[in-house]
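One structure is given here, and the rest of the page talks about it.
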Amino acid sequence: MSVSKPTLLLEHYLQQLKLPTMLREHAKLASLCQSERADYQTFLLRLCEREVHGRELRAAERRVKTAKFPVVKTLDTFGFQAQPSINQELIRELIRGEYMDRCENVLLIGNSGTGKTRPSQYTTCYRDVRRRGHRL
């Protein structure tokens with residue numbers, strides 16, 4: 001199968017510009033957008049969104065690796081059963097970040113050892129706060 005000159009040039013430029021996700025996804029996404037009859041701006045928007053998302057994921061992975069954490073902790077590994085007083089649904093709601101859209105504050109109050117630190121980290125760091133235009 002012969003690859004067209006524009007495709008070769010596009011892949012070369014994407015490689016030169018260090019856009020690996022765009023390089024990997026552009027053909028699949030072009031076919032998808034063509035089948036949906038999406039306009040060029042929609043195609044470009046989706047392609048850029050994927051590149052930005054990929055960069056954010058790689059940056060987070062790089063930061064975790066650089067920090068040399070002994071164990072990577074996620075919300076899935078948090079022991080809600082070990083601390084039954086923590087409302088699991090409320091923590092998951094906070095992770096969605098809707099309180100930021102409403103400009104509300106969140107205050108976690110409790111005695112030492114009651115499980116405030118990790119849930120608070122998840123509500124701010126677990127999700128991508130910057131993508132929504134908010135600062136910590």
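Residues are referred to by chain and number: the chain letter is A, B, ... according to the order shown in the structure tokens, the number counts from 1 in that chain, and ligands are numbered separately from 1 in the order shown.
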
Which residues of range 44-69 of chain A sit at most 10 Å from range 19-34 of chain A, using only C-alpha atoms? Give each one's shortest atom pair and distance in Å (one decimal place), in chain and ascending residue order, as a Markdown table.
| residue | atom | partner | partner_atom | distance |
| --- | --- | --- | --- | --- |
| A:Leu44 | CA | A:Ala30 | CA | 9.2 |
| A:Arg46 | CA | A:Leu29 | CA | 7.9 |
| A:Leu47 | CA | A:Met22 | CA | 6.1 |
| A:Cys48 | CA | A:Met22 | CA | 7.3 |
| A:Glu49 | CA | A:Met22 | CA | 9.5 |
| A:Arg50 | CA | A:Thr21 | CA | 6.7 |
| A:Glu51 | CA | A:Thr21 | CA | 5.1 |
| A:Val52 | CA | A:Thr21 | CA | 8.6 |
| A:His53 | CA | A:Thr21 | CA | 9.0 |
| A:Gly54 | CA | A:Thr21 | CA | 6.5 |
| A:Arg55 | CA | A:Thr21 | CA | 8.3 |

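Between Gln88 in chain A and the residues A:Asn105, A:Gly115, A:Gln15, A:Ala59, the shortest atom-to-atom distance, using only C-alpha atoms, involves A:Gly115.
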